[in-house]
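> Structure file my_file_23.pdb (PDB, N, CA and C atoms and all ligand atoms) is given on the next line.
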ATOM      1  N   MET Z   6     -13.136 -76.007  34.382
ATOM      2  CA  MET Z   6     -13.881 -74.968  35.111
ATOM      3  C   MET Z   6     -15.256 -74.781  34.469
ATOM      4  N   ASN Z   7     -16.260 -74.824  35.285
ATOM      5  CA  ASN Z   7     -17.632 -74.772  34.767
ATOM      6  C   ASN Z   7     -18.216 -73.369  34.924
ATOM      7  N   GLU Z   8     -17.751 -72.452  34.084
ATOM      8  CA  GLU Z   8     -18.241 -71.077  34.163
ATOM      9  C   GLU Z   8     -19.710 -70.993  33.770
ATOM     10  N   ALA Z   9     -20.414 -70.037  34.341
ATOM     11  CA  ALA Z   9     -21.752 -69.712  33.859
ATOM     12  C   ALA Z   9     -21.591 -68.998  32.514
ATOM     13  N   VAL Z  10     -22.274 -69.503  31.476
ATOM     14  CA  VAL Z  10     -22.153 -68.936  30.131
ATOM     15  C   VAL Z  10     -23.518 -68.403  29.709
ATOM     16  N   PHE Z  11     -23.529 -67.188  29.154
ATOM     17  CA  PHE Z  11     -24.786 -66.528  28.785
ATOM     18  C   PHE Z  11     -24.820 -66.256  27.288
ATOM     19  N   THR Z  12     -26.023 -66.383  26.714
ATOM     20  CA  THR Z  12     -26.165 -66.174  25.275
ATOM     21  C   THR Z  12     -26.586 -64.746  24.956
ATOM     22  N   SER Z  13     -26.843 -63.938  25.975
ATOM     23  CA  SER Z  13     -27.138 -62.528  25.714
ATOM     24  C   SER Z  13     -26.452 -61.654  26.756
ATOM     25  N   PHE Z  14     -26.087 -60.448  26.338
ATOM     26  CA  PHE Z  14     -25.463 -59.501  27.262
ATOM     27  C   PHE Z  14     -26.411 -59.173  28.399
ATOM     28  N   ALA Z  15     -27.710 -59.042  28.087
ATOM     29  CA  ALA Z  15     -28.693 -58.666  29.113
ATOM     30  C   ALA Z  15     -28.751 -59.715  30.221
ATOM     31  N   ASP Z  16     -28.728 -60.991  29.850
ATOM     32  CA  ASP Z  16     -28.749 -62.063  30.855
ATOM     33  C   ASP Z  16     -27.486 -62.020  31.710
ATOM     34  N   ALA Z  17     -26.338 -61.800  31.065
ATOM     35  CA  ALA Z  17     -25.084 -61.733  31.796
ATOM     36  C   ALA Z  17     -25.088 -60.518  32.730
ATOM     37  N   ARG Z  18     -25.636 -59.407  32.243
ATOM     38  CA  ARG Z  18     -25.732 -58.194  33.065
ATOM     39  C   ARG Z  18     -26.567 -58.455  34.321
ATOM     40  N   ARG Z  19     -27.701 -59.127  34.144
ATOM     41  CA  ARG Z  19     -28.569 -59.454  35.284
ATOM     42  C   ARG Z  19     -27.836 -60.335  36.298
ATOM     43  N   ALA Z  20     -27.158 -61.348  35.795
ATOM     44  CA  ALA Z  20     -26.430 -62.261  36.692
ATOM     45  C   ALA Z  20     -25.307 -61.525  37.408
ATOM     46  N   ALA Z  21     -24.632 -60.625  36.695
ATOM     47  CA  ALA Z  21     -23.550 -59.848  37.306
ATOM     48  C   ALA Z  21     -24.106 -58.949  38.401
ATOM     49  N   ASP Z  22     -25.248 -58.330  38.130
ATOM     50  CA  ASP Z  22     -25.846 -57.423  39.119
ATOM     51  C   ASP Z  22     -26.291 -58.182  40.366
ATOM     52  N   ALA Z  23     -26.694 -59.445  40.188
ATOM     53  CA  ALA Z  23     -27.194 -60.235  41.315
ATOM     54  C   ALA Z  23     -26.062 -60.888  42.117
ATOM     55  N   ALA Z  24     -24.894 -61.055  41.482
ATOM     56  CA  ALA Z  24     -23.789 -61.744  42.143
ATOM     57  C   ALA Z  24     -23.109 -60.841  43.167
ATOM     58  N   MET Z  25     -22.590 -61.440  44.199
ATOM     59  CA  MET Z  25     -21.837 -60.731  45.238
ATOM     60  C   MET Z  25     -22.578 -59.485  45.732
ATOM     61  N   PRO Z  26     -23.785 -59.660  46.273
ATOM     62  CA  PRO Z  26     -24.625 -58.512  46.636
ATOM     63  C   PRO Z  26     -23.993 -57.582  47.681
ATOM     64  N   ARG Z  27     -23.075 -58.117  48.498
ATOM     65  CA  ARG Z  27     -22.486 -57.272  49.548
ATOM     66  C   ARG Z  27     -21.325 -56.427  49.036
ATOM     67  N   ARG Z  28     -20.864 -56.744  47.860
ATOM     68  CA  ARG Z  28     -19.689 -56.037  47.345
ATOM     69  C   ARG Z  28     -20.109 -54.677  46.777
ATOM     70  N   ARG Z  29     -19.487 -53.616  47.234
ATOM     71  CA  ARG Z  29     -19.816 -52.262  46.781
ATOM     72  C   ARG Z  29     -18.901 -51.810  45.650
ATOM     73  N   ARG Z  30     -17.617 -52.167  45.770
ATOM     74  CA  ARG Z  30     -16.665 -51.757  44.738
ATOM     75  C   ARG Z  30     -16.214 -52.995  43.975
ATOM     76  N   ASN Z  31     -15.640 -52.765  42.779
ATOM     77  CA  ASN Z  31     -15.160 -53.875  41.961
ATOM     78  C   ASN Z  31     -16.263 -54.895  41.718
ATOM     79  N   ARG Z  32     -17.419 -54.393  41.315
ATOM     80  CA  ARG Z  32     -18.588 -55.233  41.084
ATOM     81  C   ARG Z  32     -18.356 -56.219  39.923
ATOM     82  N   PRO Z  33     -19.038 -57.366  39.971
ATOM     83  CA  PRO Z  33     -19.001 -58.285  38.820
ATOM     84  C   PRO Z  33     -19.553 -57.605  37.563
ATOM     85  N   TYR Z  34     -19.036 -58.016  36.415
ATOM     86  CA  TYR Z  34     -19.432 -57.405  35.142
ATOM     87  C   TYR Z  34     -19.445 -58.460  34.038
ATOM     88  N   PRO Z  35     -20.284 -58.255  33.010
ATOM     89  CA  PRO Z  35     -20.304 -59.196  31.882
ATOM     90  C   PRO Z  35     -19.061 -59.016  31.017
ATOM     91  N   LEU Z  36     -18.556 -60.100  30.487
ATOM     92  CA  LEU Z  36     -17.380 -60.046  29.612
ATOM     93  C   LEU Z  36     -17.624 -60.969  28.416
ATOM     94  N   ALA Z  37     -17.505 -60.405  27.216
ATOM     95  CA  ALA Z  37     -17.629 -61.228  26.014
ATOM     96  C   ALA Z  37     -16.502 -62.261  26.026
ATOM     97  N   SER Z  38     -16.830 -63.521  25.787
ATOM     98  CA  SER Z  38     -15.835 -64.586  25.864
ATOM     99  C   SER Z  38     -15.581 -65.194  24.490
ATOM    100  N   GLY Z  39     -14.410 -64.896  23.935
ATOM    101  CA  GLY Z  39     -14.027 -65.483  22.654
ATOM    102  C   GLY Z  39     -13.842 -66.987  22.763
ATOM    103  N   TRP Z  40     -13.400 -67.411  23.915
ATOM    104  CA  TRP Z  40     -13.197 -68.854  24.137
ATOM    105  C   TRP Z  40     -14.516 -69.588  23.989
ATOM    106  N   HIS Z  41     -15.569 -69.068  24.608
ATOM    107  CA  HIS Z  41     -16.871 -69.718  24.532
ATOM    108  C   HIS Z  41     -17.531 -69.492  23.170
ATOM    109  N   TRP Z  42     -17.250 -68.324  22.555
ATOM    110  CA  TRP Z  42     -17.740 -68.072  21.198
ATOM    111  C   TRP Z  42     -17.222 -69.165  20.248
ATOM    112  N   GLY Z  43     -15.951 -69.508  20.392
ATOM    113  CA  GLY Z  43     -15.337 -70.495  19.510
ATOM    114  C   GLY Z  43     -15.834 -71.909  19.756
ATOM    115  N   ARG Z  44     -16.656 -72.080  20.796
ATOM    116  CA  ARG Z  44     -17.230 -73.402  21.095
ATOM    117  C   ARG Z  44     -18.756 -73.358  21.103
ATOM    118  N   ALA Z  45     -19.326 -72.268  20.597
ATOM    119  CA  ALA Z  45     -20.779 -72.064  20.643
ATOM    120  C   ALA Z  45     -21.511 -72.889  19.591
ATOM    121  N   VAL Z  46     -20.782 -73.369  18.599
ATOM    122  CA  VAL Z  46     -21.384 -74.181  17.544
ATOM    123  C   VAL Z  46     -20.701 -75.555  17.536
ATOM    124  N   PRO Z  47     -21.390 -76.574  17.041
ATOM    125  CA  PRO Z  47     -20.740 -77.888  16.931
ATOM    126  C   PRO Z  47     -19.533 -77.791  16.005
ATOM    127  N   CYS Z  48     -18.506 -78.610  16.259
ATOM    128  CA  CYS Z  48     -17.313 -78.565  15.414
ATOM    129  C   CYS Z  48     -17.553 -79.325  14.119
ATOM    130  N   PRO Z  49     -17.317 -78.665  12.960
ATOM    131  CA  PRO Z  49     -17.516 -79.336  11.675
ATOM    132  C   PRO Z  49     -16.490 -80.429  11.409
ATOM    133  N   GLU Z  50     -15.365 -80.432  12.147
ATOM    134  CA  GLU Z  50     -14.326 -81.434  11.874
ATOM    135  C   GLU Z  50     -14.428 -82.655  12.771
ATOM    136  N   CYS Z  51     -14.665 -82.439  14.079
ATOM    137  CA  CYS Z  51     -14.672 -83.589  14.990
ATOM    138  C   CYS Z  51     -16.049 -83.827  15.603
ATOM    139  N   SER Z  52     -17.031 -82.992  15.199
ATOM    140  CA  SER Z  52     -18.410 -83.166  15.659
ATOM    141  C   SER Z  52     -18.582 -82.961  17.162
ATOM    142  N   ALA Z  53     -17.632 -82.266  17.812
ATOM    143  CA  ALA Z  53     -17.820 -81.914  19.227
ATOM    144  C   ALA Z  53     -19.107 -81.097  19.346
ATOM    145  N   ALA Z  54     -19.885 -81.406  20.375
ATOM    146  CA  ALA Z  54     -21.185 -80.752  20.524
ATOM    147  C   ALA Z  54     -21.027 -79.290  20.924
ATOM    148  N   GLU Z  55     -22.100 -78.531  20.747
ATOM    149  CA  GLU Z  55     -22.131 -77.132  21.171
ATOM    150  C   GLU Z  55     -21.691 -77.023  22.635
ATOM    151  N   GLY Z  56     -20.749 -76.147  22.902
ATOM    152  CA  GLY Z  56     -20.284 -75.919  24.261
ATOM    153  C   GLY Z  56     -19.175 -76.858  24.692
ATOM    154  N   ALA Z  57     -18.999 -77.969  23.992
ATOM    155  CA  ALA Z  57     -17.984 -78.955  24.390
ATOM    156  C   ALA Z  57     -16.663 -78.674  23.668
ATOM    157  N   ASP Z  58     -15.567 -79.143  24.252
ATOM    158  CA  ASP Z  58     -14.258 -79.000  23.635
ATOM    159  C   ASP Z  58     -14.120 -79.935  22.444
ATOM    160  N   CYS Z  59     -13.244 -79.560  21.516
ATOM    161  CA  CYS Z  59     -12.908 -80.441  20.410
ATOM    162  C   CYS Z  59     -12.213 -81.691  20.957
ATOM    163  N   ALA Z  60     -12.321 -82.772  20.189
ATOM    164  CA  ALA Z  60     -11.537 -83.967  20.515
ATOM    165  C   ALA Z  60     -10.087 -83.652  20.169
ATOM    166  N   GLY Z  61      -9.227 -83.645  21.174
ATOM    167  CA  GLY Z  61      -7.836 -83.280  20.943
ATOM    168  C   GLY Z  61      -7.695 -81.785  20.776
ATOM    169  N   ARG Z  62      -6.921 -81.352  19.778
ATOM    170  CA  ARG Z  62      -6.684 -79.922  19.590
ATOM    171  C   ARG Z  62      -7.909 -79.234  19.009
ATOM    172  N   TYR Z  63      -8.039 -77.931  19.327
ATOM    173  CA  TYR Z  63      -9.137 -77.123  18.794
ATOM    174  C   TYR Z  63      -9.025 -77.007  17.274
ATOM    175  N   HIS Z  64     -10.158 -77.170  16.586
ATOM    176  CA  HIS Z  64     -10.156 -77.088  15.125
ATOM    177  C   HIS Z  64     -10.548 -75.684  14.662
ATOM    178  N   ARG Z  65      -9.674 -75.075  13.866
ATOM    179  CA  ARG Z  65      -9.884 -73.703  13.415
ATOM    180  C   ARG Z  65     -11.163 -73.560  12.598
ATOM    181  N   ALA Z  66     -11.572 -74.619  11.914
ATOM    182  CA  ALA Z  66     -12.785 -74.556  11.095
ATOM    183  C   ALA Z  66     -13.994 -74.199  11.956
ATOM    184  N   ARG Z  67     -13.869 -74.470  13.238
ATOM    185  CA  ARG Z  67     -14.970 -74.173  14.149
ATOM    186  C   ARG Z  67     -15.174 -72.662  14.289
ATOM    187  N   GLU Z  68     -14.083 -71.911  14.203
ATOM    188  CA  GLU Z  68     -14.199 -70.453  14.267
ATOM    189  C   GLU Z  68     -14.943 -69.934  13.047
ATOM    190  N   ASP Z  69     -14.691 -70.523  11.887
ATOM    191  CA  ASP Z  69     -15.421 -70.119  10.682
ATOM    192  C   ASP Z  69     -16.909 -70.397  10.858
ATOM    193  N   ALA Z  70     -17.235 -71.540  11.462
ATOM    194  CA  ALA Z  70     -18.635 -71.890  11.694
ATOM    195  C   ALA Z  70     -19.272 -70.921  12.683
ATOM    196  N   ALA Z  71     -18.511 -70.545  13.725
ATOM    197  CA  ALA Z  71     -19.031 -69.588  14.710
ATOM    198  C   ALA Z  71     -19.242 -68.228  14.058
ATOM    199  N   ARG Z  72     -18.295 -67.842  13.190
ATOM    200  CA  ARG Z  72     -18.416 -66.565  12.488
ATOM    201  C   ARG Z  72     -19.650 -66.579  11.601
ATOM    202  N   ALA Z  73     -19.888 -67.698  10.928
ATOM    203  CA  ALA Z  73     -21.044 -67.821  10.038
ATOM    204  C   ALA Z  73     -22.349 -67.775  10.814
ATOM    205  N   ALA Z  74     -22.289 -68.162  12.088
ATOM    206  CA  ALA Z  74     -23.507 -68.160  12.916
ATOM    207  C   ALA Z  74     -23.874 -66.753  13.376
ATOM    208  N   GLY Z  75     -22.953 -65.801  13.167
ATOM    209  CA  GLY Z  75     -23.255 -64.410  13.507
ATOM    210  C   GLY Z  75     -23.454 -64.205  14.990
ATOM    211  N   ARG Z  76     -24.357 -63.288  15.323
ATOM    212  CA  ARG Z  76     -24.546 -62.896  16.724
ATOM    213  C   ARG Z  76     -25.031 -64.056  17.590
ATOM    214  N   SER Z  77     -25.640 -65.063  16.982
ATOM    215  CA  SER Z  77     -26.174 -66.170  17.790
ATOM    216  C   SER Z  77     -25.053 -66.968  18.456
ATOM    217  N   ALA Z  78     -23.813 -66.782  17.995
ATOM    218  CA  ALA Z  78     -22.684 -67.490  18.619
ATOM    219  C   ALA Z  78     -22.020 -66.655  19.711
ATOM    220  N   ASP Z  79     -22.485 -65.412  19.897
ATOM    221  CA  ASP Z  79     -21.887 -64.567  20.944
ATOM    222  C   ASP Z  79     -22.142 -65.172  22.314
ATOM    223  N   ARG Z  80     -21.136 -65.144  23.170
ATOM    224  CA  ARG Z  80     -21.259 -65.688  24.526
ATOM    225  C   ARG Z  80     -20.610 -64.732  25.521
ATOM    226  N   TRP Z  81     -21.205 -64.686  26.717
ATOM    227  CA  TRP Z  81     -20.654 -63.854  27.790
ATOM    228  C   TRP Z  81     -20.461 -64.685  29.043
ATOM    229  N   ILE Z  82     -19.468 -64.294  29.814
ATOM    230  CA  ILE Z  82     -19.297 -64.828  31.156
ATOM    231  C   ILE Z  82     -19.333 -63.646  32.126
ATOM    232  N   VAL Z  83     -19.326 -63.908  33.421
ATOM    233  CA  VAL Z  83     -19.346 -62.834  34.422
ATOM    234  C   VAL Z  83     -18.058 -62.906  35.238
ATOM    235  N   CYS Z  84     -17.333 -61.783  35.257
ATOM    236  CA  CYS Z  84     -16.071 -61.703  35.989
ATOM    237  C   CYS Z  84     -16.160 -60.601  37.030
ATOM    238  N   ALA Z  85     -15.208 -60.605  37.966
ATOM    239  CA  ALA Z  85     -15.071 -59.505  38.913
ATOM    240  C   ALA Z  85     -13.599 -59.371  39.253
ATOM    241  N   PRO Z  86     -13.178 -58.138  39.529
ATOM    242  CA  PRO Z  86     -11.780 -57.951  39.942
ATOM    243  C   PRO Z  86     -11.545 -58.604  41.296
ATOM    244  N   SER Z  87     -10.415 -59.228  41.516
ATOM    245  CA  SER Z  87      -9.531 -59.601  40.415
ATOM    246  C   SER Z  87      -9.487 -61.112  40.348
ATOM    247  N   ASN Z  88      -9.542 -61.622  39.132
ATOM    248  CA  ASN Z  88      -9.451 -63.073  38.894
ATOM    249  C   ASN Z  88     -10.667 -63.877  39.333
ATOM    250  N   LEU Z  89     -11.819 -63.196  39.533
ATOM    251  CA  LEU Z  89     -13.021 -63.931  39.925
ATOM    252  C   LEU Z  89     -13.886 -64.205  38.705
ATOM    253  N   VAL Z  90     -14.535 -65.384  38.715
ATOM    254  CA  VAL Z  90     -15.470 -65.709  37.639
ATOM    255  C   VAL Z  90     -16.686 -66.404  38.248
ATOM    256  N   LEU Z  91     -17.850 -66.122  37.670
ATOM    257  CA  LEU Z  91     -19.092 -66.740  38.137
ATOM    258  C   LEU Z  91     -19.221 -68.143  37.543
ATOM    259  N   LEU Z  92     -19.434 -69.135  38.406
ATOM    260  CA  LEU Z  92     -19.606 -70.515  37.939
ATOM    261  C   LEU Z  92     -21.083 -70.823  37.733
ATOM    262  N   ALA Z  93     -21.342 -71.914  37.020
ATOM    263  CA  ALA Z  93     -22.713 -72.305  36.695
ATOM    264  C   ALA Z  93     -23.536 -72.584  37.946
ATOM    265  N   ASP Z  94     -22.877 -72.974  39.045
ATOM    266  CA  ASP Z  94     -23.621 -73.265  40.272
ATOM    267  C   ASP Z  94     -23.907 -72.010  41.094
ATOM    268  N   GLY Z  95     -23.531 -70.833  40.567
ATOM    269  CA  GLY Z  95     -23.856 -69.581  41.231
ATOM    270  C   GLY Z  95     -22.782 -69.058  42.167
ATOM    271  N   THR Z  96     -21.709 -69.819  42.347
ATOM    272  CA  THR Z  96     -20.623 -69.348  43.201
ATOM    273  C   THR Z  96     -19.616 -68.556  42.381
ATOM    274  N   MET Z  97     -18.824 -67.744  43.083
ATOM    275  CA  MET Z  97     -17.731 -67.019  42.448
ATOM    276  C   MET Z  97     -16.446 -67.772  42.759
ATOM    277  N   TYR Z  98     -15.612 -67.938  41.729
ATOM    278  CA  TYR Z  98     -14.372 -68.703  41.883
ATOM    279  C   TYR Z  98     -13.173 -67.789  41.667
ATOM    280  N   ASP Z  99     -12.208 -67.893  42.552
ATOM    281  CA  ASP Z  99     -10.991 -67.100  42.460
ATOM    282  C   ASP Z  99      -9.906 -67.922  41.781
ATOM    283  N   HIS Z 100      -9.570 -67.544  40.554
ATOM    284  CA  HIS Z 100      -8.571 -68.302  39.800
ATOM    285  C   HIS Z 100      -7.193 -68.219  40.436
ATOM    286  N   ALA Z 101      -6.863 -67.082  41.019
ATOM    287  CA  ALA Z 101      -5.525 -66.912  41.593
ATOM    288  C   ALA Z 101      -5.370 -67.781  42.839
ATOM    289  N   ARG Z 102      -6.396 -67.801  43.677
ATOM    290  CA  ARG Z 102      -6.304 -68.572  44.918
ATOM    291  C   ARG Z 102      -6.841 -69.985  44.757
ATOM    292  N   LYS Z 103      -7.464 -70.257  43.599
ATOM    293  CA  LYS Z 103      -8.052 -71.562  43.320
ATOM    294  C   LYS Z 103      -9.012 -71.965  44.430
ATOM    295  N   ALA Z 104      -9.945 -71.069  44.726
ATOM    296  CA  ALA Z 104     -10.906 -71.297  45.802
ATOM    297  C   ALA Z 104     -12.207 -70.567  45.505
ATOM    298  N   THR Z 105     -13.293 -71.120  46.017
ATOM    299  CA  THR Z 105     -14.576 -70.455  45.908
ATOM    300  C   THR Z 105     -14.615 -69.291  46.907
ATOM    301  N   VAL Z 106     -15.192 -68.190  46.474
ATOM    302  CA  VAL Z 106     -15.214 -66.983  47.298
ATOM    303  C   VAL Z 106     -16.583 -66.841  47.956
ATOM    304  N   ARG Z 107     -16.582 -66.404  49.177
ATOM    305  CA  ARG Z 107     -17.843 -66.178  49.853
ATOM    306  C   ARG Z 107     -18.563 -65.010  49.170
ATOM    307  N   GLN Z 108     -19.871 -65.158  48.965
ATOM    308  CA  GLN Z 108     -20.624 -64.112  48.245
ATOM    309  C   GLN Z 108     -20.799 -62.866  49.113
TER     310      GLN Z 108
HETATM  311 ZN    ZN Z 201     -13.174 -80.074  16.532
END
Could you spell out this file's structure in structure tokens?
Ligand SMILES: [Zn+2]

Amino acid sequence: MNEAVFTSFADARRAADAAMPRRRRNRPYPLASGWHWGRAVPCPECSAAEGADCAGRYHRAREDAARAAGRSADRWIVCAPSNLVLLADGTMYDHARKATVRQ
């Protein structure tokens, strides 16, 4: 899944505010993503690039590297109730229905 990933809360907030303009309730919102935080730095063990998955299983040493990077490793995604996530191409994806949602 190719989620839109943001390096600042403000950017994620802007994208959330712009997404699904017709929706009045259950608006999209920024969500801190630990999953993306743990991949925000290259892996010291398998050299997986920033943002990419480890080769094989996730290496815990990568979390130490992300922790050492401080706030610069913070990552946000944009979600909306229920089970919707903003993708990099600007569409909203429904995980439960496994379908793109009309904006
Ligand atoms: Zn790794």
> Please write as a list in words the full residue list that the PyMOL selection byres (((chain Z and resi 108 and name CA) around 7) and not hetatm and name CA) yields on this file.
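Here the PyMOL selection byres (((chain Z and resi 108 and name CA) around 7) and not hetatm and name CA) matches Met25, Val106 and Arg107 of chain Z.
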> Can you pull out the residues contacting range 27-40 of chain Z? Cut-off 6 Å, using all atoms listed in the file, and skip same-chain residues under 6 positions away; I want them as a list in words.
Ala17, Arg18, Ala21, Arg80, Trp81, Ile82, Val83, Cys84, Ala85, Pro86 and Gln108 of chain Z
> Extract, using only C-alpha atoms, all DNA, RNA and protein residues at most 12 Å from His41 in chain Z, discarding same-chain residues fewer than 2 positions from it, and format them as number ranges by chain.
Z: 7-12, 36-39, 43-47, 55-58, 67-68, 71, 78-82
> Could you jot down the CA of Arg65 in chain Z to CA of Pro49 in chain Z separation for me, Å, one decimal place?
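Taking CA of Arg65 in chain Z as the start and CA of Pro49 in chain Z as the end point, the length is 9.6 Å.
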> Please give the complete set of residues from chain Z that DSSP, run on the backbone, assigns to alpha helix (DSSP H), formatted as a PyMOL selection string.
chain Z and resi 14-23+39-42+66-73
> Which residues sit within 6.5 Å of ligand ZN 201 (chain Z), counting only N, CA and C atoms and all ligand atoms, listed as a ChimeraX atom specification?
/Z:48-53,58-60,62-64
> Only N, CA and C atoms, please: the residues just picked out, written as a compact mmCIF listing (two decimals), in the coordinates of the input.

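Everything below was put into again-v6.txt:
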# COMPACT_ATOMS: atom_id res chain seq x y z
N CYS Z 48 -18.51 -78.61 16.26
CA CYS Z 48 -17.31 -78.56 15.41
C CYS Z 48 -17.55 -79.32 14.12
N PRO Z 49 -17.32 -78.67 12.96
CA PRO Z 49 -17.52 -79.34 11.68
C PRO Z 49 -16.49 -80.43 11.41
N GLU Z 50 -15.36 -80.43 12.15
CA GLU Z 50 -14.33 -81.43 11.87
C GLU Z 50 -14.43 -82.66 12.77
N CYS Z 51 -14.66 -82.44 14.08
CA CYS Z 51 -14.67 -83.59 14.99
C CYS Z 51 -16.05 -83.83 15.60
N SER Z 52 -17.03 -82.99 15.20
CA SER Z 52 -18.41 -83.17 15.66
C SER Z 52 -18.58 -82.96 17.16
N ALA Z 53 -17.63 -82.27 17.81
CA ALA Z 53 -17.82 -81.91 19.23
C ALA Z 53 -19.11 -81.10 19.35
N ASP Z 58 -15.57 -79.14 24.25
CA ASP Z 58 -14.26 -79.00 23.64
C ASP Z 58 -14.12 -79.94 22.44
N CYS Z 59 -13.24 -79.56 21.52
CA CYS Z 59 -12.91 -80.44 20.41
C CYS Z 59 -12.21 -81.69 20.96
N ALA Z 60 -12.32 -82.77 20.19
CA ALA Z 60 -11.54 -83.97 20.52
C ALA Z 60 -10.09 -83.65 20.17
N ARG Z 62 -6.92 -81.35 19.78
CA ARG Z 62 -6.68 -79.92 19.59
C ARG Z 62 -7.91 -79.23 19.01
N TYR Z 63 -8.04 -77.93 19.33
CA TYR Z 63 -9.14 -77.12 18.79
C TYR Z 63 -9.02 -77.01 17.27
N HIS Z 64 -10.16 -77.17 16.59
CA HIS Z 64 -10.16 -77.09 15.12
C HIS Z 64 -10.55 -75.68 14.66
> Give me, please, the distance in Å between atom N of Ala104 in chain Z and atom C of Ala24 in chain Z, quoted to one decimal.
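Distance between the two atoms: 16.7 Å.
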